[in-house]
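Written out below as structure tokens is the structure these notes cover.
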Amino acid sequence: MAKIPVTKKTNRESQEQSSLIGFFKKKETHIAVGVFLLVFVTYFCIILISFLFTGDSDQSKVNLLAFSDLDSIAGKTKNIGGAFGAWASNVIINKWFGVSSFFMVFFGIMLGLRFLGATKASMIKYFLLNSFGMVWFSLFFGFFFKSFYEDTFLSLGGAHGYFLGKWLTERIGWPGTLLVIVSTLFIFLIFIKAENMPFLQRIFNRRNIDKDKINQETGEHTLEGEFPDEFEKSWTGQEEKGQAAPVNRRMPSNVDLEEEDYDEEENDEENTDNVITPQPAKDVDFEIKIGQGEDASEEEIEEPEIARAASRIHGKNEDTYDASYMGEYNPRLDLSSYKYPSINLLTKYENADTIINTDEQNSNKRRIQEVLEQFGIRISSITATVGATVTLYEIIPEPGVRISRIKSLENDIALSLSALGIRIIAPIPGKGTIGIEVPNREPQIVSMYSVINSKKFTETKYELPLALGKTITNDVFMVDLCKMPHVLVAGATGQGKSVGLNAMITSMLYKKHPAELKFVLIDPKMVEFNIYSTIEKHFLAKLPDDSKAIVTDFTKVIQTLNSLTREMDDRYNLLMLANCRNLKEYNAKFIGRHLNPEKGHKFLPYIVVVIDEYGDLIMTAGKEIEMPIARIAQKARAVGIHMIIATQRPTTNIITGTIKANFPARVAFRVISVTDSRTILDASGANQLIGRGDLLFSQGSDLVRVQCAFVDTPEVVNITNFIGNQRGYPTAFYLPEPTTDSSSLSGPGADLSERDPMFEEAARLIVIHQQGSTSLIQRKFSIGYNRAGRIIDQLEAAGIIGPSEGSKARQVLVEDEFQLENILARLK
């Protein structure tokens, strides 16, 4: 039983101590001390460096000189720091730790910056690192460079290194000394990692820490223990304004608590406010007595009560957590050797630069002007802006000309230019001109190489950059997926949707680390995203029981989307506990070690869901697909889950109002009709594109015409192989188990608690024939289609047959009757 005597201080002593502590806590005091330290350390750094060049001539003057006799050599030394500089540098380097004394200079600089608030680095950590470096290098130089002590003024290891090396050599010989030097360095390199710092701190009694575990897969940390007083909390950068410093909860087992004149009413008042004030905090003093007997009248308090008492006195806030003394958490540490893809993995096309055909430009200008004049429309000027595939002609009509007249001549201008199709922008937003976009006769390729290698992409600060291609003005067009926050991609078959999706994924692979980004790839066509399977253990996320990370089966699609909604809800709970509004704030807080991993907090990567052929999924599963997508699109932005869905059927029954309302960013490739264009963009224009990557991007009211960057399949394979050949995580990123059970996915008749009387006979029939067919059950048992369909659903829910594959028979998952009998026995 542990007890602590509690005595009460006088008000005068409390006030004096409070004022003293208040003085040292002032910001002005910290700044003054920081400036003094930096000036002091800078001077010593200068004289130490000067000693390396002038010590030879000054050593004879200062070697045996006492500090009180410095006046005798004033003006006779060459050190830039004068007589004191020559004397002090000789003492520090030759008589102390040699050239490793510069570690003291470095620590002094960091300490000064800490007082100025320029850094939040842990001074305990830097003190331990610099102390070891100074002692170890002194021994290293003293042992290996003994000959330097006789022939030069400079003792590389100093007197400390010389005598320590000599002492070790005389007792354990040179092999033992060598082993000591090497082994201490090796042990130190093991423990300099952040996760092992608590071990060193426990050795020096800085902090009682039980354990510090780091889960390499999830980035979760386990940390226990706290700094024993306010000074250490402030020293390590953990104290925040208006918050109390936590006290050490662990007391020695033989500690006694004696309470004398303790005022319960004052204590209750202190317990109502977490903000610590100097006066009440010093009214009570804990005296620790070890190994002393206590009177029977002294009150015995359990250890939890000691913790609660200390918490009341210091204003302990249980919700605060700060382990910033360990330094920032690095989410990339698990794959610290990861290398980003090289630009050389992409193909550089020779004709990628835009070629300006002056003859074609002048001819088109003349024809446009002639057509307009034929209909009585005069223009004052016409200019051309040449893009990779399209040239923009900007005309300024004379006063009095109605814009609608020019727009009505779209087909006439196209006929005159013999163009595939033109698009008139009347007027161009932000300009007093009318634009006529005319396809080039010889379009140029916009390579992914030119986009990724551009200055705009390499210097971007976007969280999730999507490099789509180049505009008509040949500027790289990029958007941030985090700000969009979801993208709807649509276009007819063969117009560049798949290439556009690959360009989006590739641009993110070039910018993000595997710890910061995960993809959920849904591919009903089963061939488009298969090339990304090699980066499963780096960038892909999947359900725990899935064998493949690329989702192709529609039942797995439903489970994956439901799993994402659960992941979204879990992340919102973490954000709520952390008092954060979005993922960026949450991760910044976690990296700064202000969130307790023991309470479930972890580093959260961005999750990008890419769905190809969304229309096929809607036709197959309908509302079961649309509802979780709508939920994710409505809420998931703040928790870092973003969606990119593509479809070649831009019809109203596929792109419903619910989807359009939650996908403000639209990418439209060429479509067949004006109706499809209006379905995607709420405006015409997509039907006038020329195809082959020509797209319109809409985020709001403005439309931007972009030529999509071309990334070929071999280029994507090169990138994925480059990433896949590197060390990855043990598994893919696991999504949580979906909340929906398998019976609900198989239809309303798949309730295994109410199996059909013919269920077992039908199961045996299916296994014998190895054919999962509804018509087979109908013929053999002479039952109707509805009942046979319910039996099929129940067989699927029991895991006897696989999901529906359209017109093909279902796959039978059970190979023999023995295995079937085991399944039936479990169901019973």
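Each chain in the structure tokens gets a letter, A, B and so on, in the order shown; residues start at 1 in every chain, and ligands are counted from 1 in the order they appear.
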Report as CSV: every residue of stretch 527-628 of chain A with an atom at most 10 Å from stretch 505-512 of chain A, its closest pair of atoms, and their distance in Å to one decimal, counting only C-alpha atoms, with rows sorted by chain and ascending residue number.
residue,atom,partner,partner_atom,distance
A:Tyr532,CA,A:Ile505,CA,9.8
A:Phe539,CA,A:Leu509,CA,8.5
A:Tyr606,CA,A:Lys512,CA,9.8
A:Val608,CA,A:Ile505,CA,9.3
A:Val610,CA,A:Ile505,CA,8.8
Can you write out the residues you just picked, keeping N, CA and C atoms, as an mmCIF file, in the first residue's frame?
data_model
loop_
_atom_site.group_PDB
_atom_site.id
_atom_site.type_symbol
_atom_site.label_atom_id
_atom_site.label_comp_id
_atom_site.auth_asym_id
_atom_site.auth_seq_id
_atom_site.Cartn_x
_atom_site.Cartn_y
_atom_site.Cartn_z
ATOM 1 N N TYR A 532 -2.779 -3.657 -63.725
ATOM 2 C CA TYR A 532 -2.396 -3.079 -62.429
ATOM 3 C C TYR A 532 -2.302 -4.132 -61.323
ATOM 4 N N PHE A 539 -0.259 -0.490 -54.013
ATOM 5 C CA PHE A 539 -1.254 0.569 -54.168
ATOM 6 C C PHE A 539 -2.712 0.086 -54.142
ATOM 7 N N TYR A 606 -5.294 8.079 -48.756
ATOM 8 C CA TYR A 606 -6.390 8.378 -49.678
ATOM 9 C C TYR A 606 -6.814 7.079 -50.380
ATOM 10 N N VAL A 608 -8.900 5.926 -53.783
ATOM 11 C CA VAL A 608 -9.510 6.346 -55.045
ATOM 12 C C VAL A 608 -10.189 5.127 -55.664
ATOM 13 N N VAL A 610 -11.979 3.535 -58.793
ATOM 14 C CA VAL A 610 -12.070 3.704 -60.244
ATOM 15 C C VAL A 610 -12.976 2.597 -60.781
#
List the neighbours of A:Val499 out to 12 Å using only C-alpha atoms; skip same-chain residues closer than 3 positions along the sequence, and give me the result as a PyMOL selection string. chain A and resi 447-448+468-469+489+491+493-496+502-506+528-529+612+646+669+692-695+707-713+715-716
Just-selected residues, N, CA and C atoms written as an mmCIF file, in the first residue's frame:
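This is the output file result_35.cif:
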data_model
loop_
_atom_site.group_PDB
_atom_site.id
_atom_site.type_symbol
_atom_site.label_atom_id
_atom_site.label_comp_id
_atom_site.auth_asym_id
_atom_site.auth_seq_id
_atom_site.Cartn_x
_atom_site.Cartn_y
_atom_site.Cartn_z
ATOM 1 N N SER A 447 1.783 13.316 -75.669
ATOM 2 C CA SER A 447 2.306 12.151 -74.955
ATOM 3 C C SER A 447 2.236 12.361 -73.449
ATOM 4 N N MET A 448 2.107 11.263 -72.730
ATOM 5 C CA MET A 448 2.143 11.327 -71.268
ATOM 6 C C MET A 448 3.518 11.784 -70.794
ATOM 7 N N LEU A 468 -4.551 15.515 -67.146
ATOM 8 C CA LEU A 468 -5.421 15.026 -68.214
ATOM 9 C C LEU A 468 -4.806 15.197 -69.596
ATOM 10 N N GLY A 469 -4.046 16.228 -69.807
ATOM 11 C CA GLY A 469 -3.480 16.465 -71.135
ATOM 12 C C GLY A 469 -3.107 17.914 -71.324
ATOM 13 N N VAL A 489 -16.826 10.148 -66.012
ATOM 14 C CA VAL A 489 -16.230 10.072 -67.339
ATOM 15 C C VAL A 489 -17.207 9.331 -68.248
ATOM 16 N N GLY A 491 -18.418 8.676 -72.634
ATOM 17 C CA GLY A 491 -18.082 8.813 -74.052
ATOM 18 C C GLY A 491 -18.387 7.531 -74.790
ATOM 19 N N THR A 493 -17.917 4.329 -77.416
ATOM 20 C CA THR A 493 -16.882 3.303 -77.485
ATOM 21 C C THR A 493 -15.739 3.728 -78.405
ATOM 22 N N GLY A 494 -14.517 3.528 -77.950
ATOM 23 C CA GLY A 494 -13.347 3.810 -78.766
ATOM 24 C C GLY A 494 -12.950 5.260 -78.857
ATOM 25 N N GLN A 495 -13.475 6.111 -77.987
ATOM 26 C CA GLN A 495 -13.160 7.540 -78.051
ATOM 27 C C GLN A 495 -12.097 7.974 -77.038
ATOM 28 N N GLY A 496 -11.565 7.027 -76.228
ATOM 29 C CA GLY A 496 -10.443 7.376 -75.354
ATOM 30 C C GLY A 496 -10.717 7.299 -73.874
ATOM 31 N N ASN A 502 -6.364 5.524 -67.602
ATOM 32 C CA ASN A 502 -4.960 5.163 -67.374
ATOM 33 C C ASN A 502 -4.094 6.404 -67.135
ATOM 34 N N ALA A 503 -4.408 7.486 -67.839
ATOM 35 C CA ALA A 503 -3.650 8.731 -67.633
ATOM 36 C C ALA A 503 -3.868 9.269 -66.217
ATOM 37 N N MET A 504 -5.109 9.200 -65.733
ATOM 38 C CA MET A 504 -5.393 9.665 -64.370
ATOM 39 C C MET A 504 -4.658 8.823 -63.341
ATOM 40 N N ILE A 505 -4.717 7.497 -63.493
ATOM 41 C CA ILE A 505 -4.061 6.608 -62.529
ATOM 42 C C ILE A 505 -2.543 6.795 -62.595
ATOM 43 N N THR A 506 -1.998 6.902 -63.810
ATOM 44 C CA THR A 506 -0.554 7.056 -63.968
ATOM 45 C C THR A 506 -0.049 8.331 -63.316
ATOM 46 N N GLU A 528 -9.391 -4.446 -68.686
ATOM 47 C CA GLU A 528 -8.839 -3.091 -68.731
ATOM 48 C C GLU A 528 -7.838 -2.844 -67.608
ATOM 49 N N PHE A 529 -8.183 -3.240 -66.379
ATOM 50 C CA PHE A 529 -7.346 -2.935 -65.220
ATOM 51 C C PHE A 529 -6.465 -4.101 -64.797
ATOM 52 N N ASP A 612 -14.827 1.163 -64.182
ATOM 53 C CA ASP A 612 -14.993 1.175 -65.632
ATOM 54 C C ASP A 612 -16.297 0.469 -65.982
ATOM 55 N N ALA A 646 -16.652 5.608 -65.045
ATOM 56 C CA ALA A 646 -16.695 5.788 -66.496
ATOM 57 C C ALA A 646 -17.795 4.916 -67.078
ATOM 58 N N PHE A 669 -15.887 12.572 -73.412
ATOM 59 C CA PHE A 669 -15.281 12.290 -74.707
ATOM 60 C C PHE A 669 -16.382 12.360 -75.773
ATOM 61 N N ARG A 692 -10.576 10.279 -80.457
ATOM 62 C CA ARG A 692 -9.158 9.991 -80.208
ATOM 63 C C ARG A 692 -8.590 10.846 -79.083
ATOM 64 N N GLY A 693 -9.299 10.889 -77.958
ATOM 65 C CA GLY A 693 -8.805 11.605 -76.789
ATOM 66 C C GLY A 693 -9.250 13.045 -76.693
ATOM 67 N N ASP A 694 -9.985 13.536 -77.669
ATOM 68 C CA ASP A 694 -10.503 14.905 -77.606
ATOM 69 C C ASP A 694 -11.637 14.932 -76.586
ATOM 70 N N LEU A 695 -11.547 15.795 -75.573
ATOM 71 C CA LEU A 695 -12.522 15.777 -74.482
ATOM 72 C C LEU A 695 -12.884 17.186 -74.057
ATOM 73 N N GLN A 707 -6.949 17.980 -75.054
ATOM 74 C CA GLN A 707 -6.518 16.770 -75.755
ATOM 75 C C GLN A 707 -5.880 15.849 -74.729
ATOM 76 N N CYS A 708 -6.522 14.720 -74.492
ATOM 77 C CA CYS A 708 -6.078 13.795 -73.436
ATOM 78 C C CYS A 708 -4.687 13.264 -73.749
ATOM 79 N N ALA A 709 -3.880 13.151 -72.701
ATOM 80 C CA ALA A 709 -2.536 12.600 -72.861
ATOM 81 C C ALA A 709 -2.629 11.121 -73.223
ATOM 82 N N PHE A 710 -1.799 10.716 -74.151
ATOM 83 C CA PHE A 710 -1.821 9.328 -74.617
ATOM 84 C C PHE A 710 -0.790 8.512 -73.859
ATOM 85 N N VAL A 711 -1.255 7.503 -73.124
ATOM 86 C CA VAL A 711 -0.372 6.571 -72.448
ATOM 87 C C VAL A 711 -0.745 5.175 -72.932
ATOM 88 N N ASP A 712 0.177 4.541 -73.620
ATOM 89 C CA ASP A 712 -0.088 3.245 -74.228
ATOM 90 C C ASP A 712 0.035 2.135 -73.187
ATOM 91 N N THR A 713 -0.548 0.982 -73.493
ATOM 92 C CA THR A 713 -0.519 -0.156 -72.567
ATOM 93 C C THR A 713 0.895 -0.572 -72.203
ATOM 94 N N GLU A 715 3.485 1.230 -71.868
ATOM 95 C CA GLU A 715 4.001 2.203 -70.914
ATOM 96 C C GLU A 715 3.462 1.937 -69.515
ATOM 97 N N VAL A 716 2.153 1.643 -69.417
ATOM 98 C CA VAL A 716 1.562 1.332 -68.113
ATOM 99 C C VAL A 716 2.179 0.064 -67.544
#
Show me, as number ranges by chain, the residues that have an atom within 9 Å of A:Arg566 when counting only C-alpha atoms, minus same-chain residues fewer than 2 positions from it. A: 561-564, 568-571, 735-739
Can you write just those residues out, all heavy atoms, as a JSON list (two decimals), in the first residue's frame?
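Result file again_9.json:
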[["chain", "number", "residue", "atom", "x", "y", "z"],
["A", 561, "LEU", "N", -18.29, -2.08, -52.47],
["A", 561, "LEU", "CA", -18.86, -0.74, -52.26],
["A", 561, "LEU", "C", -19.45, -0.61, -50.86],
["A", 561, "LEU", "O", -19.32, 0.43, -50.22],
["A", 561, "LEU", "CB", -19.93, -0.47, -53.32],
["A", 561, "LEU", "CG", -19.41, -0.32, -54.76],
["A", 561, "LEU", "CD1", -20.57, -0.17, -55.74],
["A", 561, "LEU", "CD2", -18.48, 0.89, -54.87],
["A", 562, "ASN", "N", -20.10, -1.67, -50.38],
["A", 562, "ASN", "CA", -20.61, -1.64, -49.00],
["A", 562, "ASN", "C", -19.47, -1.58, -47.99],
["A", 562, "ASN", "O", -19.58, -0.93, -46.94],
["A", 562, "ASN", "CB", -21.49, -2.86, -48.74],
["A", 562, "ASN", "CG", -22.86, -2.74, -49.37],
["A", 562, "ASN", "OD1", -23.54, -1.74, -49.23],
["A", 562, "ASN", "ND2", -23.27, -3.76, -50.11],
["A", 563, "SER", "N", -18.37, -2.26, -48.32],
["A", 563, "SER", "CA", -17.21, -2.18, -47.45],
["A", 563, "SER", "C", -16.64, -0.76, -47.41],
["A", 563, "SER", "O", -16.21, -0.28, -46.36],
["A", 563, "SER", "CB", -16.14, -3.16, -47.93],
["A", 563, "SER", "OG", -14.96, -3.03, -47.19],
["A", 564, "LEU", "N", -16.66, -0.09, -48.55],
["A", 564, "LEU", "CA", -16.18, 1.30, -48.59],
["A", 564, "LEU", "C", -17.06, 2.23, -47.78],
["A", 564, "LEU", "O", -16.56, 3.18, -47.16],
["A", 564, "LEU", "CB", -16.10, 1.77, -50.04],
["A", 564, "LEU", "CG", -14.93, 1.21, -50.87],
["A", 564, "LEU", "CD1", -15.13, 1.51, -52.35],
["A", 564, "LEU", "CD2", -13.61, 1.79, -50.39],
["A", 568, "MET", "N", -15.82, 4.43, -44.74],
["A", 568, "MET", "CA", -16.14, 5.85, -44.65],
["A", 568, "MET", "C", -16.68, 6.19, -43.26],
["A", 568, "MET", "O", -16.26, 7.17, -42.63],
["A", 568, "MET", "CB", -17.17, 6.22, -45.72],
["A", 568, "MET", "CG", -17.67, 7.65, -45.66],
["A", 568, "MET", "SD", -18.97, 7.95, -46.89],
["A", 568, "MET", "CE", -20.30, 6.95, -46.20],
["A", 569, "ASP", "N", -17.61, 5.38, -42.76],
["A", 569, "ASP", "CA", -18.17, 5.63, -41.42],
["A", 569, "ASP", "C", -17.11, 5.51, -40.34],
["A", 569, "ASP", "O", -17.08, 6.30, -39.38],
["A", 569, "ASP", "CB", -19.33, 4.66, -41.16],
["A", 569, "ASP", "CG", -20.50, 4.89, -42.09],
["A", 569, "ASP", "OD1", -20.65, 6.03, -42.59],
["A", 569, "ASP", "OD2", -21.27, 3.94, -42.34],
["A", 570, "ASP", "N", -16.23, 4.51, -40.46],
["A", 570, "ASP", "CA", -15.16, 4.34, -39.47],
["A", 570, "ASP", "C", -14.23, 5.55, -39.47],
["A", 570, "ASP", "O", -13.80, 6.01, -38.40],
["A", 570, "ASP", "CB", -14.36, 3.07, -39.77],
["A", 570, "ASP", "CG", -15.16, 1.80, -39.56],
["A", 570, "ASP", "OD1", -16.23, 1.89, -38.91],
["A", 570, "ASP", "OD2", -14.75, 0.73, -40.06],
["A", 571, "ARG", "N", -13.93, 6.06, -40.65],
["A", 571, "ARG", "CA", -13.05, 7.23, -40.71],
["A", 571, "ARG", "C", -13.71, 8.46, -40.11],
["A", 571, "ARG", "O", -13.05, 9.27, -39.45],
["A", 571, "ARG", "CB", -12.65, 7.49, -42.16],
["A", 571, "ARG", "CG", -11.71, 6.45, -42.74],
["A", 571, "ARG", "CD", -11.17, 6.86, -44.11],
["A", 571, "ARG", "NE", -10.13, 5.95, -44.56],
["A", 571, "ARG", "CZ", -9.21, 6.25, -45.46],
["A", 571, "ARG", "NH1", -9.21, 7.44, -46.03],
["A", 571, "ARG", "NH2", -8.29, 5.37, -45.83],
["A", 735, "LEU", "N", -9.76, -3.75, -46.84],
["A", 735, "LEU", "CA", -10.96, -2.99, -46.48],
["A", 735, "LEU", "C", -11.72, -3.73, -45.39],
["A", 735, "LEU", "O", -11.57, -4.95, -45.24],
["A", 735, "LEU", "CB", -11.85, -2.81, -47.72],
["A", 735, "LEU", "CG", -11.23, -2.03, -48.89],
["A", 735, "LEU", "CD1", -12.15, -2.10, -50.10],
["A", 735, "LEU", "CD2", -10.99, -0.58, -48.51],
["A", 736, "PRO", "N", -12.55, -3.05, -44.62],
["A", 736, "PRO", "CA", -13.32, -3.75, -43.57],
["A", 736, "PRO", "C", -14.35, -4.69, -44.18],
["A", 736, "PRO", "O", -14.75, -4.54, -45.34],
["A", 736, "PRO", "CB", -13.98, -2.61, -42.80],
["A", 736, "PRO", "CG", -14.01, -1.46, -43.74],
["A", 736, "PRO", "CD", -12.80, -1.60, -44.61],
["A", 737, "GLU", "N", -14.78, -5.64, -43.39],
["A", 737, "GLU", "CA", -15.80, -6.58, -43.84],
["A", 737, "GLU", "C", -17.09, -5.82, -44.14],
["A", 737, "GLU", "O", -17.50, -4.96, -43.35],
["A", 737, "GLU", "CB", -16.06, -7.65, -42.79],
["A", 737, "GLU", "CG", -14.92, -8.64, -42.63],
["A", 737, "GLU", "CD", -14.80, -9.57, -43.82],
["A", 737, "GLU", "OE1", -15.77, -9.65, -44.61],
["A", 737, "GLU", "OE2", -13.74, -10.20, -43.97],
["A", 738, "PRO", "N", -17.75, -6.10, -45.26],
["A", 738, "PRO", "CA", -18.99, -5.38, -45.58],
["A", 738, "PRO", "C", -20.09, -5.73, -44.59],
["A", 738, "PRO", "O", -20.14, -6.83, -44.04],
["A", 738, "PRO", "CB", -19.34, -5.86, -46.99],
["A", 738, "PRO", "CG", -18.64, -7.17, -47.13],
["A", 738, "PRO", "CD", -17.39, -7.08, -46.30],
["A", 739, "THR", "N", -20.97, -4.77, -44.37],
["A", 739, "THR", "CA", -22.06, -4.98, -43.41],
["A", 739, "THR", "C", -23.15, -5.86, -43.98],
["A", 739, "THR", "O", -23.93, -6.45, -43.24],
["A", 739, "THR", "CB", -22.66, -3.62, -43.01],
["A", 739, "THR", "OG1", -23.05, -2.92, -44.21],
["A", 739, "THR", "CG2", -21.65, -2.78, -42.27]]
Hey, what's within 12 Å of A:Leu65 if we count only C-alpha atoms and toss same-chain stuff fewer than 4 positions away? As a PyMOL selection string, please? chain A and resi 58-61+69-73+83-84+86-88+90-91
Could you take the residues named above and write them with N, CA and C atoms, as a tab-separated table (two decimals), in the first residue's frame?
chain	number	residue	atom	x	y	z
A	58	ASP	N	49.57	29.37	-32.57
A	58	ASP	CA	49.10	29.85	-31.26
A	58	ASP	C	49.35	28.84	-30.13
A	59	GLN	N	49.62	27.57	-30.48
A	59	GLN	CA	49.68	26.55	-29.44
A	59	GLN	C	50.77	26.81	-28.42
A	60	SER	N	51.94	27.27	-28.87
A	60	SER	CA	53.05	27.51	-27.95
A	60	SER	C	52.74	28.62	-26.97
A	61	LYS	N	51.82	29.50	-27.34
A	61	LYS	CA	51.50	30.64	-26.47
A	61	LYS	C	50.42	30.28	-25.45
A	69	ASP	N	46.01	34.49	-16.96
A	69	ASP	CA	47.19	35.08	-17.59
A	69	ASP	C	46.96	35.42	-19.06
A	70	LEU	N	45.70	35.54	-19.50
A	70	LEU	CA	45.42	35.81	-20.90
A	70	LEU	C	45.91	37.19	-21.33
A	71	ASP	N	46.01	38.13	-20.38
A	71	ASP	CA	46.46	39.48	-20.75
A	71	ASP	C	47.88	39.47	-21.30
A	72	SER	N	48.66	38.47	-20.92
A	72	SER	CA	50.06	38.44	-21.35
A	72	SER	C	50.22	38.12	-22.83
A	73	ILE	N	49.19	37.54	-23.45
A	73	ILE	CA	49.29	37.20	-24.88
A	73	ILE	C	48.29	38.00	-25.71
A	83	ALA	N	42.84	36.49	-27.92
A	83	ALA	CA	43.55	35.67	-26.95
A	83	ALA	C	42.61	34.65	-26.31
A	84	PHE	N	41.40	35.09	-25.96
A	84	PHE	CA	40.45	34.14	-25.35
A	84	PHE	C	40.07	33.06	-26.35
A	86	ALA	N	41.85	31.85	-28.84
A	86	ALA	CA	42.95	30.90	-29.00
A	86	ALA	C	43.04	29.96	-27.81
A	87	TRP	N	42.88	30.52	-26.59
A	87	TRP	CA	42.98	29.70	-25.37
A	87	TRP	C	41.79	28.74	-25.26
A	88	ALA	N	40.58	29.25	-25.46
A	88	ALA	CA	39.38	28.41	-25.30
A	88	ALA	C	39.32	27.31	-26.35
A	90	ASN	N	41.82	25.90	-27.88
A	90	ASN	CA	42.84	24.90	-27.57
A	90	ASN	C	42.38	23.97	-26.45
A	91	VAL	N	41.72	24.53	-25.45
A	91	VAL	CA	41.21	23.71	-24.34
A	91	VAL	C	40.11	22.77	-24.83
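Computed from the coordinates, the atom CA of A:Pro664 to atom CA of A:His486 distance equals 7.1 Å.
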Min atom-atom distance to A:Cys482 from the set A:Thr385, A:Ala638, A:Gly112, A:Pro714, counting only C-alpha atoms, belongs to A:Ala638
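You can rank A:Ser50, A:Ser155, A:Gln726, A:Thr534 by their closest distance to A:Val99 using only C-alpha atoms, and at the top of that list sits A:Ser155.
Residues in contact range of A:Asp322, defined as at most 7 Å between only C-alpha atoms, with sequence neighbours fewer than 2 positions away removed, read A:Gln238, A:Thr320, A:Ser324, A:Arg593, A:His594.
Interatomic distance, atom CA of A:Ala549 to atom CA of A:Tyr572: 24.9 Å.
All residues of protein, DNA or RNA that reach within 6 Å of A:Gly81, judged by only C-alpha atoms and not counting those fewer than 2 positions away in the chain, are Ile47, Asn79 and Gly85 of chain A.
Going from atom CA of A:Asn94 to atom CA of A:Gly133 covers 17.0 Å.
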Extract, using only C-alpha atoms, all DNA, RNA and protein residues at most 8 Å from A:Pro443, discarding same-chain residues fewer than 3 positions from it, and format them as a ChimeraX atom specification. /A:388-390,439-440
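Considering only C-alpha atoms, the residue among A:Ile368, A:Thr647, A:Phe143, A:Ala414 positioned nearest to A:Pro175 is A:Phe143.
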